[in-house]
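Structure file my_file22.csv (CSV, C-alpha atoms and all ligand atoms) follows.
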```csv
chain,number,residue,atom,x,y,z
A,1,MET,CA,37.2,-19.7,-8.2
A,2,LEU,CA,34.0,-21.6,-7.9
A,3,ARG,CA,33.0,-19.5,-5.0
A,4,ARG,CA,33.8,-16.3,-6.7
A,5,GLY,CA,31.8,-17.3,-9.8
A,6,ARG,CA,28.9,-18.3,-7.6
A,7,THR,CA,29.1,-14.9,-5.7
A,8,ARG,CA,29.1,-13.0,-9.0
A,9,ARG,CA,26.1,-15.0,-10.2
A,10,LEU,CA,24.3,-14.3,-6.9
A,11,GLN,CA,25.1,-10.6,-7.2
A,12,ARG,CA,23.7,-10.6,-10.8
A,13,VAL,CA,20.6,-12.4,-9.7
A,14,ALA,CA,20.1,-10.0,-6.8
A,15,CYS,CA,20.6,-7.0,-9.0
A,16,SER,CA,18.2,-8.3,-11.6
A,17,VAL,CA,15.6,-8.9,-9.0
A,18,LEU,CA,16.1,-5.4,-7.6
A,19,LEU,CA,16.2,-3.9,-11.1
A,20,GLY,CA,13.0,-5.4,-12.2
A,21,GLY,CA,12.7,-8.7,-13.2
A,22,PRO,CA,12.7,-12.1,-14.6
A,23,VAL,CA,15.7,-11.3,-16.7
A,24,TYR,CA,17.9,-13.1,-14.2
A,25,GLU,CA,16.4,-16.4,-15.3
A,26,SER,CA,18.3,-16.4,-18.5
A,27,HIS,CA,21.7,-16.5,-16.6
A,28,LEU,CA,20.9,-19.7,-14.8
A,29,HIS,CA,21.1,-23.3,-15.7
A,30,SER,CA,18.7,-25.6,-14.0
A,31,VAL,CA,15.3,-25.1,-12.5
A,32,ASP,CA,16.5,-26.2,-9.1
A,33,GLU,CA,19.4,-23.8,-9.2
A,34,ARG,CA,17.2,-21.0,-10.5
A,35,SER,CA,14.6,-21.4,-7.7
A,36,ARG,CA,17.4,-21.8,-5.0
A,37,LEU,CA,19.3,-18.8,-6.2
A,38,GLY,CA,16.1,-16.9,-6.9
A,39,ALA,CA,15.0,-17.4,-3.2
A,40,THR,CA,18.4,-16.3,-2.0
A,41,ALA,CA,18.4,-13.3,-4.1
A,42,ARG,CA,14.9,-12.3,-2.9
A,43,ARG,CA,16.1,-12.6,0.7
A,44,VAL,CA,19.1,-10.4,-0.1
A,45,ALA,CA,16.8,-7.9,-2.0
A,46,ARG,CA,14.4,-7.8,0.9
A,47,GLY,CA,17.2,-7.2,3.4
A,48,VAL,CA,18.6,-4.4,1.3
A,49,ALA,CA,15.2,-3.0,0.7
A,50,ARG,CA,14.2,-3.0,4.4
A,51,ALA,CA,17.3,-1.0,5.2
A,52,VAL,CA,17.0,1.6,2.5
A,53,VAL,CA,13.4,1.9,1.2
A,54,PRO,CA,11.2,4.5,2.9
A,55,GLY,CA,8.0,3.2,4.6
A,56,SER,CA,5.9,5.2,2.1
A,57,ILE,CA,7.2,2.9,-0.6
A,58,VAL,CA,7.2,-0.5,1.1
A,59,ALA,CA,5.8,-1.3,4.6
A,60,TRP,CA,6.7,-4.5,6.4
A,61,ARG,CA,5.3,-3.5,9.7
A,62,GLY,CA,3.5,-0.5,11.3
A,63,GLN,CA,4.2,1.8,14.2
A,64,ALA,CA,5.0,0.2,17.6
A,65,THR,CA,2.1,2.0,19.3
A,66,PRO,CA,0.9,0.4,22.6
A,67,GLY,CA,-2.6,-1.2,22.5
A,68,ALA,CA,-5.6,0.7,23.6
A,69,ASN,CA,-5.7,-1.4,26.8
A,70,GLY,CA,-2.2,-0.5,27.8
A,71,ARG,CA,-1.0,-4.1,27.5
A,72,GLY,CA,0.4,-5.8,24.4
A,73,THR,CA,0.6,-3.9,21.2
A,74,ARG,CA,-1.3,-3.1,18.1
A,75,VAL,CA,-1.0,-5.7,15.3
A,76,ALA,CA,-2.7,-6.1,12.0
A,77,LEU,CA,-4.1,-9.3,10.5
A,78,THR,CA,-4.2,-9.4,6.7
A,79,PHE,CA,-6.1,-11.8,4.5
A,80,ASP,CA,-5.2,-12.2,0.8
A,81,ASP,CA,-7.0,-13.6,-2.2
A,82,GLY,CA,-10.7,-13.1,-1.5
A,83,PRO,CA,-13.4,-12.5,-1.7
A,84,ASP,CA,-15.0,-15.9,-2.1
A,85,GLU,CA,-17.6,-18.3,-0.7
A,86,LEU,CA,-15.8,-18.4,2.7
A,87,THR,CA,-15.6,-14.7,3.2
A,88,ARG,CA,-18.8,-14.4,5.3
A,89,ALA,CA,-17.6,-17.2,7.6
A,90,TYR,CA,-14.3,-15.3,8.1
A,91,LEU,CA,-16.2,-12.2,8.9
A,92,GLU,CA,-18.4,-14.0,11.5
A,93,VAL,CA,-15.3,-15.2,13.4
A,94,LEU,CA,-13.7,-11.8,13.3
A,95,ALA,CA,-16.9,-10.2,14.6
A,96,GLN,CA,-17.1,-12.8,17.5
A,97,PHE,CA,-13.7,-11.5,18.6
A,98,ASP,CA,-14.4,-7.9,17.9
A,99,ALA,CA,-11.3,-7.9,15.6
A,100,ARG,CA,-10.8,-5.8,12.6
A,101,ALA,CA,-8.6,-6.9,9.8
A,102,THR,CA,-7.3,-5.9,6.3
A,103,PHE,CA,-8.4,-7.7,3.2
A,104,PHE,CA,-6.2,-7.5,0.1
A,105,VAL,CA,-8.7,-8.6,-2.5
A,106,ILE,CA,-8.4,-9.7,-6.1
A,107,GLY,CA,-10.2,-7.3,-8.5
A,108,GLU,CA,-11.9,-9.9,-10.7
A,109,ARG,CA,-13.3,-11.6,-7.6
A,110,CYS,CA,-14.7,-8.2,-6.5
A,111,VAL,CA,-16.5,-7.9,-9.8
A,112,ALA,CA,-18.0,-11.4,-9.3
A,113,HIS,CA,-18.9,-10.7,-5.6
A,114,PRO,CA,-19.7,-7.0,-5.0
A,115,GLU,CA,-21.9,-8.0,-2.1
A,116,LEU,CA,-18.9,-9.5,-0.3
A,117,VAL,CA,-16.9,-6.3,-0.8
A,118,SER,CA,-19.8,-4.5,0.9
A,119,ALA,CA,-20.0,-7.1,3.7
A,120,ILE,CA,-16.3,-6.7,4.4
A,121,ALA,CA,-16.5,-2.9,4.5
A,122,ALA,CA,-19.6,-3.1,6.7
A,123,GLY,CA,-17.7,-5.2,9.3
A,124,GLY,CA,-15.3,-2.2,9.8
A,125,HIS,CA,-12.5,-3.9,7.9
A,126,GLU,CA,-10.2,-2.3,5.3
A,127,LEU,CA,-10.0,-3.5,1.7
A,128,HIS,CA,-7.1,-2.8,-0.6
A,129,PRO,CA,-6.0,-4.2,-4.0
A,130,HIS,CA,-4.2,-7.5,-4.4
A,131,GLY,CA,-4.0,-7.1,-8.2
A,132,TYR,CA,-6.9,-7.5,-10.6
A,133,SER,CA,-5.9,-10.9,-12.0
A,134,HIS,CA,-3.5,-12.1,-9.3
A,135,ARG,CA,-0.6,-12.1,-11.9
A,136,ARG,CA,2.8,-11.4,-10.4
A,137,PHE,CA,3.5,-7.6,-10.7
A,138,PRO,CA,7.0,-8.0,-12.1
A,139,SER,CA,5.6,-10.0,-15.0
A,140,LEU,CA,3.3,-7.1,-16.0
A,141,SER,CA,4.2,-4.1,-18.1
A,142,PRO,CA,3.9,-0.8,-16.3
A,143,THR,CA,0.8,0.0,-18.3
A,144,ALA,CA,-0.8,-3.3,-17.4
A,145,LEU,CA,0.1,-2.9,-13.7
A,146,ARG,CA,-1.2,0.6,-13.6
A,147,ALA,CA,-4.5,-0.6,-15.1
A,148,GLU,CA,-4.7,-3.5,-12.6
A,149,LEU,CA,-4.2,-1.0,-9.7
A,150,ALA,CA,-6.7,1.5,-11.0
A,151,VAL,CA,-9.5,-0.9,-11.9
A,152,THR,CA,-9.2,-2.8,-8.6
A,153,ALA,CA,-9.1,0.3,-6.5
A,154,SER,CA,-12.2,1.7,-8.3
A,155,LEU,CA,-14.1,-1.4,-7.0
A,156,LEU,CA,-13.2,-0.7,-3.3
A,157,PRO,CA,-14.1,1.9,-0.7
A,158,ASP,CA,-12.1,5.2,-0.6
A,159,TYR,CA,-9.9,6.0,2.3
A,160,PRO,CA,-9.4,9.6,1.4
A,161,ARG,CA,-7.0,10.5,4.3
A,162,ARG,CA,-4.7,7.7,3.6
A,163,ARG,CA,-2.2,6.8,1.0
A,164,PRO,CA,-3.6,3.9,-1.0
A,165,LEU,CA,-2.1,0.5,-0.1
A,166,VAL,CA,-1.5,-2.6,-2.3
A,167,ARG,CA,-0.2,-6.1,-1.7
A,168,PRO,CA,1.5,-7.7,-4.7
A,169,PRO,CA,0.4,-11.3,-5.4
A,170,HIS,CA,2.9,-13.7,-3.8
A,171,GLY,CA,4.7,-10.7,-2.3
A,172,ASP,CA,6.6,-10.6,-5.5
A,173,VAL,CA,8.1,-7.3,-6.3
A,174,SER,CA,10.9,-5.8,-8.5
A,175,LEU,CA,12.3,-2.4,-8.5
A,176,GLY,CA,10.3,-1.7,-11.7
A,177,SER,CA,7.0,-2.9,-10.3
A,178,LEU,CA,7.6,-1.0,-7.0
A,179,GLY,CA,8.3,2.2,-9.0
A,180,THR,CA,5.1,1.8,-11.0
A,181,CYS,CA,3.1,1.3,-7.7
A,182,VAL,CA,4.8,4.4,-6.2
A,183,ARG,CA,4.1,6.5,-9.3
A,184,ALA,CA,0.5,5.4,-9.1
A,185,GLY,CA,0.4,6.6,-5.5
A,186,PHE,CA,0.4,3.2,-3.8
A,187,THR,CA,2.4,2.0,-0.8
A,188,THR,CA,3.3,-1.7,-1.1
A,189,VAL,CA,2.4,-3.6,2.0
A,190,LEU,CA,4.3,-6.9,2.7
A,191,TRP,CA,4.3,-8.5,6.1
A,192,SER,CA,6.5,-9.2,9.2
A,193,ARG,CA,4.9,-12.4,10.3
A,194,ASP,CA,4.0,-15.2,7.8
A,195,SER,CA,1.4,-17.6,9.2
A,196,GLY,CA,2.5,-20.1,6.6
A,197,ASP,CA,-1.1,-21.0,5.9
A,198,TRP,CA,-0.3,-21.1,2.2
A,199,ARG,CA,2.0,-24.1,2.6
A,200,THR,CA,-0.2,-26.3,4.6
A,201,THR,CA,-3.8,-27.6,4.8
A,202,SER,CA,-3.7,-28.1,8.6
A,203,ALA,CA,-5.4,-25.8,11.0
A,204,ASP,CA,-2.9,-27.0,13.7
A,205,ASP,CA,0.0,-25.8,11.5
A,206,VAL,CA,-1.6,-22.4,11.2
A,207,CYS,CA,-2.1,-22.1,15.0
A,208,ALA,CA,1.4,-23.2,15.6
A,209,ALA,CA,2.7,-20.1,13.9
A,210,PHE,CA,1.2,-18.1,16.9
A,211,GLU,CA,2.0,-20.5,19.7
A,212,GLY,CA,5.1,-21.7,21.7
A,213,ASP,CA,8.3,-20.2,20.5
A,214,CYS,CA,6.5,-18.5,17.6
A,215,ALA,CA,4.0,-16.8,19.9
A,216,PRO,CA,5.3,-13.3,20.5
A,217,LEU,CA,4.3,-10.8,17.8
A,218,GLU,CA,6.6,-7.8,17.6
A,219,PRO,CA,5.0,-4.4,18.0
A,220,GLY,CA,3.3,-3.2,14.9
A,221,SER,CA,3.4,-6.7,13.3
A,222,ILE,CA,1.6,-7.2,10.0
A,223,VAL,CA,0.5,-10.8,9.7
A,224,LEU,CA,0.0,-12.7,6.5
A,225,LEU,CA,-3.1,-15.0,6.2
A,226,HIS,CA,-5.3,-16.1,3.3
A,227,GLU,CA,-9.0,-16.2,2.5
A,228,GLY,CA,-10.7,-19.2,0.9
A,229,GLN,CA,-8.9,-21.8,3.0
A,230,PRO,CA,-11.0,-24.0,5.3
A,231,TRP,CA,-7.9,-24.7,7.5
A,232,THR,CA,-7.2,-21.0,8.0
A,233,LEU,CA,-10.9,-20.5,8.9
A,234,ARG,CA,-10.8,-23.4,11.4
A,235,ALA,CA,-7.6,-22.0,12.9
A,236,LEU,CA,-8.9,-18.4,13.2
A,237,PRO,CA,-10.8,-18.6,16.5
A,238,ARG,CA,-7.8,-20.2,18.2
A,239,VAL,CA,-5.4,-17.6,16.7
A,240,LEU,CA,-7.6,-14.7,17.7
A,241,ARG,CA,-8.1,-16.1,21.2
A,242,ARG,CA,-4.3,-16.4,21.5
A,243,LEU,CA,-3.7,-12.8,20.3
A,244,ARG,CA,-6.4,-11.5,22.6
A,245,GLU,CA,-4.8,-13.3,25.5
A,246,ALA,CA,-1.5,-11.7,24.7
A,247,GLY,CA,-3.3,-8.4,24.9
A,248,HIS,CA,-3.0,-7.4,21.2
A,249,ASP,CA,-5.2,-4.8,19.8
A,250,LEU,CA,-6.3,-6.0,16.3
A,251,VAL,CA,-6.4,-3.0,14.0
A,252,THR,CA,-6.2,-2.4,10.3
A,253,VAL,CA,-3.0,-1.9,8.4
A,254,GLY,CA,-4.0,1.7,7.6
A,255,GLU,CA,-4.4,2.4,11.3
A,256,LEU,CA,-1.1,0.6,12.1
A,257,LEU,CA,0.8,2.7,9.5
A,258,ASP,CA,-0.8,5.9,10.7
A,259,GLY,CA,0.5,5.2,14.3
A,301,ZN,ZN,-2.5,-13.8,-3.4
```
If you took the structure in this file and wrote it as structure tokens, what would it be?
Amino acid sequence: MLRRGRTRRLQRVACSVLLGGPVYESHLHSVDERSRLGATARRVARGVARAVVPGSIVAWRGQATPGANGRGTRVALTFDDGPDELTRAYLEVLAQFDARATFFVIGERCVAHPELVSAIAAGGHELHPHGYSHRRFPSLSPTALRAELAVTASLLPDYPRRRPLVRPPHGDVSLGSLGTCVRAGFTTVLWSRDSGDWRTTSADDVCAAFEGDCAPLEPGSIVLLHEGQPWTLRALPRVLRRLREAGHDLVTVGELLDG
């Protein structure tokens, strides 16, 4: 009986997550249980979504096209949460390795640092919205979310031949927020490889996500990294060297999705 009740609760949580939202919290008892079941439900929701959601709505990885050098494959590095005072240093490292990347930027930071938006674009990288205020998309009303998308996109370069892309803060989505993004014309971009740089302050930990057993990146991988973190910046040369040695072609997410 206990197991059946738990299963029902999990199903309710999963449905609530899929159907849009934080409503599931009211069904649960403790913070621990809520976060544990919430994480489980999100995994379930993601598994279901990967199987049934078209790539034009949510993309976890791109096309498995071989790299330009005939070895390795094309992969895309993505950097969330900028721009900020470390952006230029990130750009210098990427330029040293002739690597292009995709920056999912926060609208209010673009307003504060328009010169950094220009510097990122001038380096041949792509910029796409990561929300305006970095609030979780499922917590916003459809009107507020549409406004966040529109205002942030208006601060960034146009990619007229491509469907606009967006990465939700914390990768947090609901069916409702996904629907709003789709209706606004955006494809939600998540990731297939998490560097884990958000849960550490050690450059070695970030490097370890690309070394040893973790090393092989699947074709078309989209890799999650973050701006504004000195340890990510310190790890970046080693990570890029590693990916170059493996023969990966470092392209933008837009290019990866185009195939
Ligand atoms: Zn973020």
Among listed residues A:His170, A:Arg163, A:His248, A:Arg199, nearest ligand ZN 301 (chain A) (using all atoms listed in the file):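 Checking each candidate against ligand ZN 301 (chain A), we get A:His170 as the closest.
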Counting only C-alpha atoms and all ligand atoms, name the residues that have an atom within 7 Å of an atom of ligand ZN 301 (chain A); the answer should be given as a PyMOL selection string. chain A and resi 80-81+130+134+169-170
So that I can check the surroundings of Glu85 (chain A), please list as a list in words every protein, DNA and RNA residue that reaches within 10 Å of it, counting only C-alpha atoms and ignoring chain neighbours fewer than 2 positions away.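 In the requested format, the answer is Gly82, Pro83, Thr87, Arg88, Ala89, Tyr90, His113, Leu116, Glu227 and Gly228 of chain A.
Across the model, the gap from CA of Arg109 (chain A) to CA of Ser174 (chain A) is 24.9 Å.
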Using only C-alpha atoms, determine which residues lie at most 10 Å from region 237-244 of chain A, disregarding the query and same-chain residues fewer than 3 positions distant; provide the list as a count of residues only. 29
Using only C-alpha atoms for the distances, tell me which of A:Asp205, A:Ser192, A:Glu92, A:Leu175 is nearest to Val53 (chain A).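 Closest candidate: A:Leu175.
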Could you please determine the separation between CA of Ser118 (chain A) and CA of Asp158 (chain A) in Å, to one decimal place? 12.5 Å
Separation of CA of Val105 (chain A) from CA of Asp194 (chain A), in Å and rounded to one decimal: 17.6 Å
With only C-alpha atoms as the basis for distance, which of A:Val253, A:Val182, A:Val189, A:Cys110 is at the shortest distance from Leu156 (chain A)? A:Cys110
Closest of A:Ala246, A:Val111, A:Leu190, A:Ala153 to Arg167 (chain A) - atom-to-atom distances counting all atoms listed in the file: A:Leu190
Go through A:Leu165, A:Leu178, A:Ala95, A:Phe186 one by one, measure the shortest atom-to-atom distance of each to Gly123 (chain A) using only C-alpha atoms, and give the residue with the smallest value.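 Using only C-alpha atoms, the shortest distance to Gly123 (chain A) belongs to A:Ala95.
The closest residue to Glu255 (chain A), picked from A:Leu155, A:Leu127, A:Ala76, A:Ala144 and counting all atoms listed in the file, is A:Ala76.
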At a cut-off of 9 Å, using only C-alpha atoms, what residues contact Leu257 (chain A)? Leave out same-chain residues fewer than 5 positions from it and give the result as a list in words.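 In the requested form, the answer reads Gly55, Ala59, Arg61, Gly62, Gln63, Gly220 and Thr252 of chain A.
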Using all atoms listed in the file, list the residues that have an atom at most 9 Å from (-1.9, -7.0, -6.0), coordinates as in the file, as a ChimeraX atom specification. /A:104-107,128-137,145,148-149,152,166-171,188
